[in-house]
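Here is the file entry.cif (mmCIF, C-alpha atoms).
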data_entry
#
loop_
_atom_site.group_PDB
_atom_site.id
_atom_site.type_symbol
_atom_site.label_atom_id
_atom_site.label_comp_id
_atom_site.auth_asym_id
_atom_site.auth_seq_id
_atom_site.Cartn_x
_atom_site.Cartn_y
_atom_site.Cartn_z
ATOM 1 C CA MET A 40 91.569 63.007 -41.914
ATOM 2 C CA ASP A 41 90.576 61.356 -45.175
ATOM 3 C CA HIS A 42 93.818 60.751 -47.088
ATOM 4 C CA SER A 43 91.915 59.594 -50.160
ATOM 5 C CA LYS A 44 91.009 63.214 -50.919
ATOM 6 C CA PRO A 45 93.501 65.221 -52.959
ATOM 7 C CA ILE A 46 95.742 67.859 -51.411
ATOM 8 C CA LEU A 47 95.388 71.167 -53.247
ATOM 9 C CA VAL A 48 98.645 72.863 -54.210
ATOM 10 C CA THR A 49 98.176 76.369 -55.600
ATOM 11 C CA GLY A 50 100.757 77.874 -57.906
ATOM 12 C CA ALA A 51 101.829 74.359 -58.851
ATOM 13 C CA ALA A 52 103.322 75.395 -62.199
ATOM 14 C CA GLY A 53 105.179 78.378 -60.772
ATOM 15 C CA GLN A 54 108.629 79.303 -61.968
ATOM 16 C CA ILE A 55 109.711 81.794 -59.297
ATOM 17 C CA GLY A 56 110.920 79.670 -56.433
ATOM 18 C CA SER A 57 108.997 76.708 -57.871
ATOM 19 C CA VAL A 58 107.814 75.767 -54.383
ATOM 20 C CA GLY A 59 104.363 74.685 -55.552
ATOM 21 C CA ARG A 60 105.843 72.513 -58.287
ATOM 22 C CA HIS A 61 108.311 70.916 -55.883
ATOM 23 C CA ALA A 62 105.605 70.380 -53.247
ATOM 24 C CA THR A 63 103.459 68.679 -55.892
ATOM 25 C CA GLU A 64 106.325 66.419 -56.947
ATOM 26 C CA LEU A 65 107.195 65.485 -53.349
ATOM 27 C CA LEU A 66 103.598 64.724 -52.380
ATOM 28 C CA LEU A 67 103.043 62.594 -55.485
ATOM 29 C CA ALA A 68 106.297 60.718 -54.846
ATOM 30 C CA ARG A 69 104.973 59.851 -51.365
ATOM 31 C CA GLY A 70 101.760 58.469 -52.795
ATOM 32 C CA TYR A 71 99.383 61.352 -51.990
ATOM 33 C CA ARG A 72 96.720 62.485 -54.412
ATOM 34 C CA VAL A 73 97.423 66.037 -55.522
ATOM 35 C CA ARG A 74 95.211 68.617 -57.196
ATOM 36 C CA ALA A 75 97.601 71.069 -58.827
ATOM 37 C CA GLN A 76 96.131 74.525 -59.429
ATOM 38 C CA VAL A 77 97.662 76.420 -62.346
ATOM 39 C CA ARG A 78 96.658 79.615 -64.128
ATOM 40 C CA THR A 79 97.563 78.424 -67.622
ATOM 41 C CA ASP A 80 97.159 75.051 -69.275
ATOM 42 C CA ASP A 81 100.607 74.875 -70.839
ATOM 43 C CA ARG A 82 103.626 72.520 -70.953
ATOM 44 C CA ARG A 83 104.146 72.930 -67.188
ATOM 45 C CA ALA A 84 100.559 71.791 -66.538
ATOM 46 C CA ALA A 85 101.107 68.865 -68.925
ATOM 47 C CA ALA A 86 104.247 67.897 -66.984
ATOM 48 C CA LEU A 87 102.241 67.896 -63.726
ATOM 49 C CA ARG A 88 99.599 65.665 -65.347
ATOM 50 C CA ALA A 89 102.342 63.310 -66.519
ATOM 51 C CA LEU A 90 103.498 62.992 -62.900
ATOM 52 C CA GLY A 91 99.968 62.000 -61.868
ATOM 53 C CA ALA A 92 98.552 65.271 -60.563
ATOM 54 C CA GLU A 93 94.947 66.255 -61.158
ATOM 55 C CA VAL A 94 95.375 69.668 -62.783
ATOM 56 C CA VAL A 95 92.785 72.408 -62.309
ATOM 57 C CA VAL A 96 93.185 75.569 -64.376
ATOM 58 C CA GLY A 97 91.972 78.893 -63.046
ATOM 59 C CA ASP A 98 92.802 82.267 -61.585
ATOM 60 C CA LEU A 99 92.453 82.472 -57.794
ATOM 61 C CA LEU A 100 91.080 85.999 -58.182
ATOM 62 C CA ASP A 101 87.958 84.343 -59.601
ATOM 63 C CA LEU A 102 85.775 82.878 -56.822
ATOM 64 C CA LYS A 103 84.316 80.243 -59.153
ATOM 65 C CA ALA A 104 87.835 79.050 -60.029
ATOM 66 C CA ALA A 105 88.778 79.055 -56.340
ATOM 67 C CA HIS A 106 85.747 76.852 -55.549
ATOM 68 C CA GLN A 107 86.691 74.451 -58.362
ATOM 69 C CA ALA A 108 90.211 74.187 -56.951
ATOM 70 C CA VAL A 109 89.276 73.770 -53.258
ATOM 71 C CA GLU A 110 86.091 71.700 -53.402
ATOM 72 C CA GLY A 111 86.746 68.108 -52.335
ATOM 73 C CA CYS A 112 90.110 68.863 -50.686
ATOM 74 C CA ASP A 113 90.591 68.657 -46.911
ATOM 75 C CA ARG A 114 94.121 70.056 -47.049
ATOM 76 C CA LEU A 115 95.746 72.759 -49.102
ATOM 77 C CA TYR A 116 99.016 74.531 -49.646
ATOM 78 C CA PHE A 117 98.675 78.196 -50.589
ATOM 79 C CA GLY A 118 101.635 79.714 -52.329
ATOM 80 C CA MET A 119 101.617 82.410 -54.942
ATOM 81 C CA SER A 120 104.205 84.531 -56.687
ATOM 82 C CA LEU A 121 104.308 88.143 -55.616
ATOM 83 C CA SER A 122 101.734 90.233 -57.395
ATOM 84 C CA PRO A 123 99.648 93.303 -56.667
ATOM 85 C CA GLN A 124 96.658 90.922 -56.320
ATOM 86 C CA TYR A 125 98.311 88.612 -53.754
ATOM 87 C CA LEU A 126 96.108 89.781 -50.878
ATOM 88 C CA GLU A 127 92.879 89.432 -52.874
ATOM 89 C CA ALA A 128 93.812 85.917 -54.018
ATOM 90 C CA SER A 129 94.753 84.810 -50.502
ATOM 91 C CA VAL A 130 91.484 86.155 -49.077
ATOM 92 C CA ASN A 131 89.500 84.427 -51.843
ATOM 93 C CA VAL A 132 91.191 81.109 -51.099
ATOM 94 C CA ALA A 133 90.716 81.552 -47.330
ATOM 95 C CA ALA A 134 87.012 82.336 -47.726
ATOM 96 C CA VAL A 135 86.466 79.391 -50.060
ATOM 97 C CA ALA A 136 88.524 77.067 -47.825
ATOM 98 C CA LYS A 137 86.388 78.061 -44.831
ATOM 99 C CA HIS A 138 83.227 77.465 -46.855
ATOM 100 C CA HIS A 139 84.422 73.972 -47.804
ATOM 101 C CA LYS A 140 85.576 73.235 -44.224
ATOM 102 C CA VAL A 141 89.250 72.676 -45.086
ATOM 103 C CA LYS A 142 91.008 70.902 -42.215
ATOM 104 C CA ALA A 143 94.592 72.064 -42.889
ATOM 105 C CA PHE A 144 95.740 75.242 -44.622
ATOM 106 C CA VAL A 145 99.495 75.661 -45.174
ATOM 107 C CA ASN A 146 100.351 79.253 -46.064
ATOM 108 C CA MET A 147 103.692 80.128 -47.648
ATOM 109 C CA SER A 148 104.474 83.551 -46.241
ATOM 110 C CA GLN A 149 107.685 85.561 -45.702
ATOM 111 C CA MET A 150 110.250 85.638 -42.929
ATOM 112 C CA THR A 151 109.824 89.377 -42.307
ATOM 113 C CA VAL A 152 106.153 89.003 -41.321
ATOM 114 C CA LYS A 153 107.135 87.873 -37.816
ATOM 115 C CA GLU A 154 108.698 91.310 -37.257
ATOM 116 C CA MET A 155 105.487 93.207 -38.087
ATOM 117 C CA SER A 156 102.562 94.108 -35.886
ATOM 118 C CA VAL A 157 99.441 96.212 -35.943
ATOM 119 C CA CYS A 158 101.629 99.099 -34.695
ATOM 120 C CA GLU A 159 104.646 98.552 -36.914
ATOM 121 C CA THR A 160 104.763 97.352 -40.485
ATOM 122 C CA THR A 161 107.018 97.822 -43.494
ATOM 123 C CA SER A 162 107.219 100.030 -46.542
ATOM 124 C CA SER A 163 107.397 96.952 -48.791
ATOM 125 C CA PRO A 164 103.970 96.414 -50.386
ATOM 126 C CA GLN A 165 104.690 92.708 -50.925
ATOM 127 C CA GLN A 166 105.695 92.074 -47.319
ATOM 128 C CA LYS A 167 102.724 94.044 -46.050
ATOM 129 C CA GLN A 168 100.377 91.968 -48.232
ATOM 130 C CA HIS A 169 101.789 88.807 -46.665
ATOM 131 C CA TRP A 170 101.261 90.268 -43.179
ATOM 132 C CA LEU A 171 97.688 91.263 -44.010
ATOM 133 C CA ALA A 172 97.001 87.815 -45.496
ATOM 134 C CA GLU A 173 98.243 86.221 -42.268
ATOM 135 C CA GLN A 174 95.875 88.470 -40.286
ATOM 136 C CA VAL A 175 92.918 87.345 -42.400
ATOM 137 C CA LEU A 176 93.924 83.694 -42.048
ATOM 138 C CA SER A 177 94.198 84.116 -38.284
ATOM 139 C CA TRP A 178 90.726 85.688 -38.097
ATOM 140 C CA SER A 179 89.247 83.016 -40.370
ATOM 141 C CA GLY A 180 89.373 80.298 -37.733
ATOM 142 C CA LEU A 181 90.929 77.925 -40.279
ATOM 143 C CA PRO A 182 93.615 75.541 -38.996
ATOM 144 C CA VAL A 183 96.590 77.386 -40.523
ATOM 145 C CA VAL A 184 100.281 76.555 -40.586
ATOM 146 C CA GLU A 185 102.404 79.573 -41.459
ATOM 147 C CA VAL A 186 105.671 78.864 -43.266
ATOM 148 C CA ARG A 187 108.015 81.863 -43.234
ATOM 149 C CA PRO A 188 111.188 80.948 -45.106
ATOM 150 C CA THR A 189 114.228 83.175 -45.276
ATOM 151 C CA ALA A 190 115.154 82.112 -48.794
ATOM 152 C CA PHE A 191 115.101 79.101 -51.052
ATOM 153 C CA MET A 192 118.696 78.538 -52.028
ATOM 154 C CA GLU A 193 118.018 75.970 -54.730
ATOM 155 C CA GLY A 194 116.841 78.689 -57.112
ATOM 156 C CA LEU A 195 119.999 80.686 -56.480
ATOM 157 C CA PHE A 196 122.242 77.659 -56.897
ATOM 158 C CA LEU A 197 120.468 76.377 -59.990
ATOM 159 C CA GLN A 198 120.835 79.788 -61.622
ATOM 160 C CA LEU A 199 124.514 80.024 -60.664
ATOM 161 C CA ALA A 200 125.428 76.408 -61.443
ATOM 162 C CA GLY A 201 126.711 77.181 -64.938
ATOM 163 C CA ALA A 202 128.953 80.013 -63.759
ATOM 164 C CA VAL A 203 130.283 77.933 -60.861
ATOM 165 C CA ALA A 204 131.104 75.040 -63.167
ATOM 166 C CA ALA A 205 132.766 77.311 -65.754
ATOM 167 C CA GLN A 206 134.910 79.236 -63.235
ATOM 168 C CA ASP A 207 135.376 76.462 -60.653
ATOM 169 C CA LYS A 208 134.536 79.108 -58.002
ATOM 170 C CA ILE A 209 131.565 80.345 -56.009
ATOM 171 C CA LEU A 210 131.669 84.117 -56.205
ATOM 172 C CA ALA A 211 129.629 86.276 -53.855
ATOM 173 C CA PRO A 212 127.959 89.393 -55.329
ATOM 174 C CA LEU A 213 129.657 91.889 -53.008
ATOM 175 C CA GLY A 214 129.961 94.756 -55.487
ATOM 176 C CA GLY A 215 132.166 97.618 -54.305
ATOM 177 C CA ARG A 216 132.993 96.091 -50.942
ATOM 178 C CA LYS A 217 136.519 95.499 -49.682
ATOM 179 C CA GLN A 218 138.141 92.630 -51.570
ATOM 180 C CA LEU A 219 139.367 89.625 -49.639
ATOM 181 C CA ARG A 220 142.653 88.308 -51.006
ATOM 182 C CA ASN A 221 142.886 84.638 -51.867
ATOM 183 C CA ARG A 222 139.449 83.856 -50.421
ATOM 184 C CA SER A 223 137.778 82.047 -53.292
ATOM 185 C CA PHE A 224 136.391 78.633 -52.471
ATOM 186 C CA ARG A 225 137.514 75.863 -54.775
ATOM 187 C CA ARG A 226 136.264 72.332 -55.091
ATOM 188 C CA SER A 227 138.695 69.699 -53.848
#
Encoded form using structure tokens:
Amino acid sequence: MDHSKPILVTGAAGQIGSVGRHATELLLARGYRVRAQVRTDDRRAAALRALGAEVVVGDLLDLKAAHQAVEGCDRLYFGMSLSPQYLEASVNVAAVAKHHKVKAFVNMSQMTVKEMSVCETTSSPQQKQHWLAEQVLSWSGLPVVEVRPTAFMEGLFLQLAGAVAAQDKILAPLGGRKQLRNRSFRRS
């Protein structure tokens, strides 16, 4: 594989989960060339440029934008925030990746997809879109790696960090459940 070609990271400026942004940062830190796909040329895109990423702006629902993002890349990471257009965007990227003979396609999916089949699915539209996208990727013949995380805890912890520091406790959101006496966890 030609490592001089950039690795495409879609959703590189994302805020929800920030996986694309973190993947971009990690790849750049290891000396890889990265093409960071973003939908908006804003301060997040500028920050990616400052790190050394080649930024390409475009909506993956647009085939021309998908070609601009994929062309010249042998490897790509596909991750996208949940949206009603997730399936369409993933199919666009898969079709364009096949056209450009991509040699490695990493797809960020969901844990629950492994529990679905052609006979049994879910009522969640988002989870079903991930399952359908995986079906398309499987049929495409592309060399695909499916990543099905349970959760990314860093987002949870970063959001809770202020409350933890202020209260010196990690509190679980258990709502109306039975209270456990003297079970808070304190730093030593």
Discussion item. Evaluated on this file, the PyMOL selection byres ((chain A and resi 135-150) around 9) picks out some residues - which ones are they, written as JSON, numbers by chain?
Written reply: {"A": [40, 102, 105, 106, 109, 110, 111, 112, 113, 114, 115, 116, 117, 118, 119, 130, 131, 132, 133, 134, 151, 152, 153, 154, 166, 169, 170, 172, 173, 176, 179, 180, 181, 182, 183, 184, 185, 186, 187, 188, 189, 190]}
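The list of residues with at least one atom within 9 Å of stretch 80-91 of chain A, based on only C-alpha atoms and without residues fewer than 4 positions apart in the same chain, reads Ala51, Ala52, Gly53, Arg60, Thr63, Glu64, Leu67, Ala68, Arg72, Val73, Ala75, Gln76, Val95, Val96 and Gly97 of chain A.
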Pairwise distance, atom CA of A:Ser156 with atom CA of A:Ser57, equals 28.8 Å
Between A:Lys208, A:Arg78, A:Ile46, A:Ser122, smallest distance to A:Leu65 by all atoms listed in the file belongs to A:Ile46
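A straight line drawn from atom CA of A:Ser163 to atom CA of A:Asp98 is 24.3 Å long.
If you measure from each of A:Asp101, A:His42, A:Pro123, A:Leu171 to A:Arg69 using all atoms listed in the file, the closest one turns out to be A:His42.
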As a check of understanding: the span from atom CA of A:Glu93 to atom CA of A:Arg74 is 4.6 Å
